[in-house]
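Chemist: Quick one: the structure is below, questions incoming.
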Number of protein chains: 2
Amino acid sequence: MSAKFDPDSPKGRGSAAAVLPSAGPGEGAGPGNLDRRTIIGGAISMVDRDGLRELTMRKLGAYLGVEGMALYRYVPGRDALLDGIVEVVIDELYGDPEVLLASADWADYLRRLAHGIRRIALAHPQLFPLIASRPPAAPWVRPPLRSLRWMESFLQNFRDCGFSDRAAVAAYQSFSSFLLGHLLLEVSAHGADIGPVDDADPTPPQTSDLDGYPLLKQLKPLLSENRSAEVFESSLNLLVKHLKQTGPKQSRGVIAKIHRTVP
Amino acid sequence: MSAKFDPDSPKGRGSAAAVLPSAGPGEGAGPGNLDRRTIIGGAISMVDRDGLRELTMRKLGAYLGVEGMALYRYVPGRDALLDGIVEVVIDELYGDPEVLLASADWADYLRRLAHGIRRIALAHPQLFPLIASRPPAAPWVRPPLRSLRWMESFLQNFRDCGFSDRAAVAAYQSFSSFLLGHLLLEVSAHGADIGPVDDADPTPPQTSDLDGYPLLKQLKPLLSENRSAEVFESSLNLLVKHLKQTGPKQSRGVIAKIHRTVP
DNA sequence: GGCCAGCGTTTACAAGGTAAACAAGCGAGC
DNA sequence: GCTCGCTTGTTTACCTTGTAAACGCTGGCC
């Protein structure tokens, strides 16, 4: 495993995690140029560029070459827009050829899914906290796996792989929690969340007051090292190993037929 | 370990995680009733009650029996107020008698710390996402452990327990990520984050459209079971076990003297 | 008594979300 | 071809919020 190349980095791959052709600024905006998808797409690229705080109805309107109020014809309000964004971004998963909807090899399934979501997180660092914190449709649909469809296919797949109901649910929960925690931290280290809070001073408290904290000062190089990719990989492996011990009912080699694809 | 009793539930204990006497509404507000602490305390209890979105300068002012603008004499602005909140809430850790600043038994240390933070998260479900998403002082200070002081003592303790620098840093990172992921999910299941977005309909999409998702429908009882306390406990144990394998240089039994307390 | 510093209030303004009235284009039916 | 009414974007307007700046009270000190 190379230490230098991160296979999930947005620059490192060509696939999904790229959103529709991005709905760039549509200056000349005759009527009919607008629809829900375009609006959400525009919102996504605005947020990717400027951060969440800069996403306002009027500015998004301007970005699309239209008056802010026009958006309300397609989106009930700002909150709904945010929900739409989350939904669309998560839907990128469906377009990712490396993520499978089902696989008899649940470990492989899990790894692909995890990397797929990581790719999304890295492609949209500014959006990821939103994905994590928007209230889910139902209380047991956990971020970042958000959608009922993904949840259904996840559980189905694990059951088909011989997990008991309880074990499948447990797998789902540990997986979500691992992914959320890891990616949220990774993404926030990328300087996400905080948009241009202060456009002034680009390095506010950098290299600052570590004087009271000698150990911190000493370990700073280690702490600043970005080994996210490897850490991600090894935590994921740990999770898989743990599931292998606690999860599947039948022993290795027995494969339950996948008899059902997802809606 | 009882399955029914959650030792970290706010109702289940008497200790910290209770914030100052709460700075209740101070109706008659002569001058001098105000200070930074009171303001932050009031903000915290407002958020605990009504959610983040309801926390506005004017409403907080009213809550404290004062005009909104008065707050600006003690707090530079709303963002700084939020930072103050996060800081104060995390500081509850120092008041928690069950959390140790250092211990020769690092596993015990870790467990106590984890439970301490969990207690905070459960005591302030509405605030926890804020703790998780406020930009940290330095990029390598990860939520939810937030403060430089905690970080320093954490690392120091692990080093004193025989962890190499690298291992201590790794422990810090896995610990943060585990804690963040788990608690964020746990707290959001408590219906946090989303404040009174719509005061109308108390059960909007409940028991709703699970029709396309038979497995979900079937597993719903399992999924809605709240075993957070146990799951937390066992994930924490898993983490500890893992650290035991990868972490400390010297074998069990050798205790490095704790020769330094934290600033 | 007069003055000053500290503190809360008033006034004012720029964003932002959103409702409601409005207008321009355009196809359906006659 | 004309008109009607719908679709879609625009204008206007209002309320809430964050925040700057000016104002005025009040209690202690000379």
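By order of appearance in the structure tokens: chains A, B, ..., then residues from 1 within every chain, and ligands from 1 in the order shown.
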Report the closest atom pair, with its distance in Å rounded to one decimal, for each residue of chain B that has an atom no farther than 8 Å from chain D; count only C-alpha atoms (C1' of nucleotides), sort by chain and then rising residue number, and write it as JSON lines.

Modeler:
{"residue": "B:Thr56", "atom": "CA", "partner": "D:DT17", "partner_atom": "C1'", "distance": 7.4}
{"residue": "B:Met57", "atom": "CA", "partner": "D:DG18", "partner_atom": "C1'", "distance": 7.9}
{"residue": "B:Arg78", "atom": "CA", "partner": "D:DG18", "partner_atom": "C1'", "distance": 7.8}

Chemist: Restricting the output to N, CA and C atoms, write the selected residues as a PDB file, in the first residue's frame.

Modeler:
ATOM      1  N   THR B  56     -30.468  33.633  19.444  1.00  0.00           N
ATOM      2  CA  THR B  56     -30.112  34.861  18.746  1.00  0.00           C
ATOM      3  C   THR B  56     -29.708  35.872  19.811  1.00  0.00           C
ATOM      4  N   MET B  57     -28.978  36.851  19.389  1.00  0.00           N
ATOM      5  CA  MET B  57     -28.506  37.820  20.361  1.00  0.00           C
ATOM      6  C   MET B  57     -29.674  38.465  21.095  1.00  0.00           C
ATOM      7  N   ARG B  78     -21.571  36.988  17.760  1.00  0.00           N
ATOM      8  CA  ARG B  78     -22.239  35.704  17.918  1.00  0.00           C
ATOM      9  C   ARG B  78     -21.263  34.540  17.793  1.00  0.00           C
TER      10      ARG B  78
END

Chemist: Using only C-alpha atoms (C1' of nucleotides), select each residue of chain C with any atom at most 12 Å away from an atom of chain A, and give the selection as a VMD selection string.

Modeler: chain C and resid 15 to 20 24 to 26

Chemist: Kindly export the residues of the current selection with C-alpha atoms (C1' of nucleotides), as a compact mmCIF listing (two decimals), in the first residue's frame.

Modeler:
# COMPACT_ATOMS: atom_id res chain seq x y z
C1' DA C 15 -28.21 40.97 5.02
C1' DG C 16 -31.02 37.39 4.66
C1' DG C 17 -35.53 34.44 4.20
C1' DT C 18 -39.84 34.60 2.29
C1' DA C 19 -44.88 36.15 1.03
C1' DA C 20 -47.58 38.45 -2.32
C1' DA C 24 -43.78 38.95 -19.78
C1' DG C 25 -43.96 35.20 -22.88
C1' DC C 26 -46.47 31.46 -24.93

Chemist: CA of Trp140 (chain B) to CA of Gln173 (chain A): how many Å, to one decimal?

Modeler: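 Calculated distance between CA of Trp140 (chain B) and CA of Gln173 (chain A) is 26.8 Å.
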
Chemist: Neighbours of region 223-231 of chain B within 12 Å (only C-alpha atoms (C1' of nucleotides); same-chain residues fewer than 6 positions away dropped), as a PyMOL selection string?

Modeler: (chain A and resi 138-142+151-152+155+165-174+177) or (chain B and resi 1-9+114-115+118-119+122+178-179+182-190+207+215-217+237-238)

Chemist: Grab the CA of Ser45 (chain A) to CA of Asn33 (chain A) distance for me, in Å with one decimal place.

Modeler: 17.2 Å

Chemist: Rounded to one decimal, what separation in Å do you get between CA of Glu54 (chain A) and CA of Gly68 (chain B)?

Modeler: 25.0 Å

Chemist: Find the residues near region 126-129 of chain B: any atom within 9 Å, counting only C-alpha atoms (C1' of nucleotides), skip ones fewer than 4 places away on the same chain, and give them as an mmCIF file with N, CA and C atoms, in the first residue's frame.

Modeler:
data_model
loop_
_atom_site.group_PDB
_atom_site.id
_atom_site.type_symbol
_atom_site.label_atom_id
_atom_site.label_comp_id
_atom_site.auth_asym_id
_atom_site.auth_seq_id
_atom_site.Cartn_x
_atom_site.Cartn_y
_atom_site.Cartn_z
ATOM 1 N N SER A 133 -25.008 16.362 9.613
ATOM 2 C CA SER A 133 -25.802 16.981 10.667
ATOM 3 C C SER A 133 -27.243 17.286 10.276
ATOM 4 N N ILE B 44 -26.154 28.695 26.992
ATOM 5 C CA ILE B 44 -26.182 27.240 27.060
ATOM 6 C C ILE B 44 -27.558 26.734 27.453
ATOM 7 N N VAL B 47 -29.966 27.120 24.570
ATOM 8 C CA VAL B 47 -29.797 26.122 23.515
ATOM 9 C C VAL B 47 -30.284 24.760 23.978
ATOM 10 N N ASP B 48 -29.984 24.417 25.208
ATOM 11 C CA ASP B 48 -30.459 23.132 25.712
ATOM 12 C C ASP B 48 -31.977 23.051 25.625
ATOM 13 N N ARG B 49 -32.613 24.164 25.855
ATOM 14 C CA ARG B 49 -34.071 24.145 25.854
ATOM 15 C C ARG B 49 -34.656 24.225 24.446
ATOM 16 N N ASP B 50 -34.140 25.155 23.651
ATOM 17 C CA ASP B 50 -34.812 25.453 22.383
ATOM 18 C C ASP B 50 -34.036 25.104 21.130
ATOM 19 N N GLY B 51 -32.800 24.725 21.287
ATOM 20 C CA GLY B 51 -32.016 24.410 20.092
ATOM 21 C C GLY B 51 -31.211 25.597 19.617
ATOM 22 N N LEU B 52 -30.238 25.283 18.792
ATOM 23 C CA LEU B 52 -29.290 26.294 18.344
ATOM 24 C C LEU B 52 -29.930 27.420 17.560
ATOM 25 N N ILE B 85 -19.300 29.116 24.294
ATOM 26 C CA ILE B 85 -20.152 28.024 24.730
ATOM 27 C C ILE B 85 -19.396 26.706 24.680
ATOM 28 N N VAL B 86 -18.798 26.466 23.528
ATOM 29 C CA VAL B 86 -18.068 25.213 23.364
ATOM 30 C C VAL B 86 -17.006 25.075 24.443
ATOM 31 N N VAL B 89 -18.588 24.399 27.879
ATOM 32 C CA VAL B 89 -19.146 23.057 28.000
ATOM 33 C C VAL B 89 -18.039 22.017 28.141
ATOM 34 N N ILE B 120 -21.248 14.662 28.818
ATOM 35 C CA ILE B 120 -21.468 16.009 28.304
ATOM 36 C C ILE B 120 -22.366 15.980 27.081
ATOM 37 N N ALA B 121 -22.071 15.069 26.190
ATOM 38 C CA ALA B 121 -22.864 14.994 24.963
ATOM 39 C C ALA B 121 -24.328 14.746 25.289
ATOM 40 N N LEU B 122 -24.576 13.835 26.221
ATOM 41 C CA LEU B 122 -25.966 13.514 26.540
ATOM 42 C C LEU B 122 -26.626 14.644 27.314
ATOM 43 N N SER B 133 -18.356 20.727 15.313
ATOM 44 C CA SER B 133 -18.158 21.366 14.023
ATOM 45 C C SER B 133 -17.532 22.753 14.085
ATOM 46 N N ARG B 134 -17.379 23.302 15.297
ATOM 47 C CA ARG B 134 -16.674 24.564 15.396
ATOM 48 C C ARG B 134 -15.226 24.371 14.981
ATOM 49 N N PRO B 144 -13.951 15.663 19.686
ATOM 50 C CA PRO B 144 -14.569 16.524 20.686
ATOM 51 C C PRO B 144 -13.622 16.904 21.803
ATOM 52 N N LEU B 183 -20.690 9.515 19.393
ATOM 53 C CA LEU B 183 -21.538 10.436 20.139
ATOM 54 C C LEU B 183 -22.407 11.278 19.221
ATOM 55 N N LEU B 184 -21.861 11.641 18.096
ATOM 56 C CA LEU B 184 -22.657 12.432 17.175
ATOM 57 C C LEU B 184 -23.895 11.656 16.751
ATOM 58 N N VAL B 187 -26.324 11.207 19.755
ATOM 59 C CA VAL B 187 -27.001 12.428 20.132
ATOM 60 C C VAL B 187 -28.023 12.833 19.074
ATOM 61 N N SER B 188 -27.700 12.560 17.834
ATOM 62 C CA SER B 188 -28.641 12.975 16.797
ATOM 63 C C SER B 188 -29.853 12.059 16.802
ATOM 64 N N GLY B 191 -32.832 13.129 18.682
ATOM 65 C CA GLY B 191 -33.622 14.216 18.132
ATOM 66 C C GLY B 191 -32.958 15.563 18.291
ATOM 67 N N ALA B 192 -31.640 15.532 18.374
ATOM 68 C CA ALA B 192 -30.944 16.795 18.552
ATOM 69 C C ALA B 192 -30.819 17.527 17.222
ATOM 70 N N ASP B 193 -30.019 18.548 17.245
ATOM 71 C CA ASP B 193 -29.689 19.303 16.049
ATOM 72 C C ASP B 193 -30.887 20.018 15.467
ATOM 73 N N ILE B 194 -31.843 19.243 14.996
ATOM 74 C CA ILE B 194 -33.060 19.852 14.520
ATOM 75 C C ILE B 194 -33.809 20.413 15.709
ATOM 76 N N GLY B 195 -33.823 21.708 15.800
ATOM 77 C CA GLY B 195 -34.580 22.347 16.866
ATOM 78 C C GLY B 195 -36.049 22.297 16.515
#
